Protein chains: 2
Amino acid sequence: MNLKELAQTLGLSPTTVSRALNGYPEVNEETRERVQAAAKRHHYQPNARAIRLATGRALAIGHVINVATKHEIVNPIFADFIAGAGETYTRMGYELVLTVVNDAEEARAYRSFKARGTVDGVIVHAPRAADPRIELLNEIGLPFVVHGRATGAPEPYSWIDVNNRRAFRRAAEFLLDLGHRRIALVNGFEFMDFAIRRRSGYEQALEGRGVPIDPALMFSDEMTETFGYRAAHAALANPDPPTAFLVSSMIIAIGVRRAIQDAGLRMGRDVSVITHDDDLSYLKNGEDVPIFTATRSSVREAGRQAAEMLIDIVRNPGAAPRNRMFEAELMVGLSTGPAPSKG
Amino acid sequence: MNLKELAQTLGLSPTTVSRALNGYPEVNEETRERVQAAAKRHHYQPNARAIRLATGRALAIGHVINVATKHEIVNPIFADFIAGAGETYTRMGYELVLTVVNDAEEARAYRSFKARGTVDGVIVHAPRAADPRIELLNEIGLPFVVHGRATGAPEPYSWIDVNNRRAFRRAAEFLLDLGHRRIALVNGFEFMDFAIRRRSGYEQALEGRGVPIDPALMFSDEMTETFGYRAAHAALANPDPPTAFLVSSMIIAIGVRRAIQDAGLRMGRDVSVITHDDDLSYLKNGEDVPIFTATRSSVREAGRQAAEMLIDIVRNPGAAPRNRMFEAELMVGLSTGPAPSKG
DNA sequence: TGACATGTCCAAAGCGGTTTGGGAATGATT
DNA sequence: AATCATTCCCAAACCGCTTTGGACATGTCA
């Protein structure tokens with residue numbers, strides 16, 4: 001059943017039916033109700049392809065996911081972020097279009113979104129320092145919101161982010177307060193913006209207490225379980241090993257825990273661990289009491305809000321860029337305790 | 001630059017330009033080259049909205065993800081499956097449309113896909129026994145491929161699946177060969193089809209050796225780390241505890257490992273563990289030697305092939321349903337060893 | 001040489017909606 | 001009673017492509 005047929009069964013013109021269903025004022029209330037009733041009765045749903053062509057809007061938001069940054073790893077937080085964003089899209093009548101690319105195809109994917117008109121805007125994932133995508137998107141005129149920030153990119157642009165620097169500063173200070181002086185940092189790749197900020201917060205905390213920063217205790221790589229294991233294993237083999245780890249993700253932290261246990265040590269007593277927790281639905285940090293002491297910020301909630309922000313931008317072109325900063329919670333769990341006294 | 005403008009600059013009709021670019025034979029080769037050169041020069045990209053309306057095809061595949069099955073967990077294998085499917089879509093010129101729903105909205109989402117014409121077909125994720133979506137999709141006439149099967153659903157339908165029953169039978173037999181007699185099963189929800197098949201394989205193996213099946217050693221819940229911990233913790237508290245665990249996912253296995261270590265036991269010596277490994281990119285099972293002995297099957301590869309199958313079906317309507325079964329590899333790692341002699 | 005096929009192009013009619021620009025009642029105003 | 005505004009509806013244009021149904025020129029065959 002399409003619009004024309006529906007109009008015929010009602011003895012009305014397509015114009016009037018269209019207006020009745022879309023809430024335009026120039027239609028009699030009685031007629032409108034008659035139209036709405038008929039539409040429901042016949043399960044009329046307007047053809048999305050026609051609406052898109054007629055209105056020039058895509059009613060869709062694009063997400064480009066790059067799987068070839070390194071070793072073809074799929075970022076595990078995508079699933080939750082996209083679930084959050086998807087909730088918003090469903091509620092607002094938008095669709096989510098997802099494109100999987102490798103490095104070489106990424107810029108082309110954004111240009112193609114714009115030229116072919118398949119989306120009204122995009123979410124930029126996993127920004128790097130001075131991320132070139134920001135300039136690209138501004139140049140081609142495709143609205144966007146960055147999930148995170150991109151130090152050094154031409155301001156202003158719209159973003160939503162968690163205060164990574166403060167979160168990691170607080171976490172490091174928490175460990176320092178417990179008497180830890182040798183604190184390892186197990187971080188993501190340092191070309192990623194969030195990793196730069198976390199490292200900066202960690203360094204600020206140590207410097208603030210006059211604790212020397214030891215490059216031998218700083219690790220940075222793809223955020224996998226095996227990386228966590230390797231990094232912690234190496235750190236614990238240090239002649240002056242760390243008594244605490246500050247870690248960038250739950251997945252890494254699981255690897256760190258494995259290395260601690262393999263070394264015959266006990267997490268929370270011999271060695272403390274604080275991790276960042278994206279509050280992923282399939283990887284909850286314990287139930288009543290958190291397993292890991294953690295800086296927590298829901299990536300799913302970030303997805304919801306990023307989507308809202310972007311739709312708002314798409315609907316109000318020309319408005320000033322928006323941004324929103326979350327503060328991470330510091331949740332105390334079982335993985336931290338006072339630094340063991342030297343013995 | 002749209003088709004009409006491009007045609008004007010070339011002094012040709014839109015008809016001819018369209019045909020030249022789409023490879024129709026009724027255009028002079030010389031003209032075709034002239035058109036292609038001009039298209040490239042002006043960065044012409046046809047408007048996708050117009051193509052869709054004109055051709056009646058969406059050139060898009062839908063994925064409906066249900067986040068409210070229970071506790072709003074986002075299935076962690078989606079990311080990799082979708083990355084695999086996305087590779088295929090990009091290669092074949094299709095788009096991936098993702099819709100996030102809760103239970104109440106799911107059927108409506110499929111009907112809406114069909115009625116509004118936003119996709120040409122869908123992938124059905126996480127099928128349950130006698131999954132009603134199969135009948136629904138056949139009824140509304142939307143092409144689909146099921147990732148997994150749905151015991152009891154009206155055959156035939158197209159699917160792609162791993163041989164879960166055989167994989168778990170082999171894994172259980174491997175443990176039996178090592179002398180284990182008390183083997184716990186830590187499985188997903190048993191309304192999920194894959195979980196039913198895995199359990200069946202496990203039971204077949206035990207029965208084949210005359211080992212009694214003990215319900216007290218069988219666990220089934222949402223596949224999280226904490227579930228793995230709780231299940232293993234409970235099992236190990238059994239007066240006659242298991243010496244081995246057969247587990248449905250790496251995430252669960254990590255929780256099982258934690259419980260084993262908390263109990264002061266060593267995985268691979270005191271207690272053996274075999275897990276199913278979906279070969280998720282962010283959760284590799286070790287590097288050279290697998291951490292866990294595992295039945296492995298790449299969910300990303302399944303995504304690639306499911307997408308290929310669906311596009312093939314969409315392009316050849318009326319053809320017979322297709323299906324494809326993978327065999328999981330049994331990879332021996334460090335988490336299994338001979339059953340400890342009773343002492 | 002006339003009939004017919006072939007090669008090359010175009011005008012126009014779609015796809016299914018939205019939106020513009022009236023037009024016919026009806027009511028209000030002078 | 002003539003004028004004007006308002007209400008409610010419709011015809012037709014339009015969005016940017018694809019596709020149908022010729023048109024014309026040229027070549028081929030009997």
# chains A, B, ... in the order shown; residues from 1 in each chain; ligands from 1
>>> residues_around(residues="DT6 (chain D)", least_positions_apart="4", cutoff="12 Å", atoms="only C-alpha atoms (C1' of nucleotides)", output="list in words")
Glu26 of chain A; DA25, DT26, DG27 and DA28 of chain C
>>> select_by_dssp(residues="region 132-328 of chain B", states="strand (DSSP E)", output="PyMOL selection string")
chain B and resi 144-147+159-162+183-187+218-220+244-247+272-277+293-296+323-326
>>> interface_residues(of="chain A", to="chain B", cutoff="8 Å", atoms="only C-alpha atoms", output="NGL selection string")
:A and (44-50 or 52-53 or 58 or 67 or 72-76 or 78-80 or 83 or 86-87 or 90 or 95-101 or 112 or 115-118 or 223-226 or 251 or 281-284 or 286-287)
>>> closest_atom_pairs(of="chain D", to="chain A", cutoff="9 Å", atoms="only C-alpha atoms (C1' of nucleotides)", output="tab-separated table")
residue	atom	partner	partner_atom	distance
D:DT7	C1'	A:Glu26	CA	7.5
D:DC8	C1'	A:Val27	CA	5.9
D:DC9	C1'	A:Thr16	CA	6.8
D:DC10	C1'	A:Ser13	CA	6.3
D:DC14	C1'	A:Ala54	CA	7.8
D:DC15	C1'	A:Ala54	CA	4.6
D:DG16	C1'	A:Leu53	CA	7.7
>>> closest_residue(among="C:DT6, C:DT20, C:DT1, C:DT29", to="chain B", atoms="only C-alpha atoms (C1' of nucleotides)")
C:DT6
>>> residues_around(residues="DC24 (chain D)", least_positions_apart="4", cutoff="12 Å", atoms="only C-alpha atoms (C1' of nucleotides)", output="ChimeraX atom specification")
/C:7-10
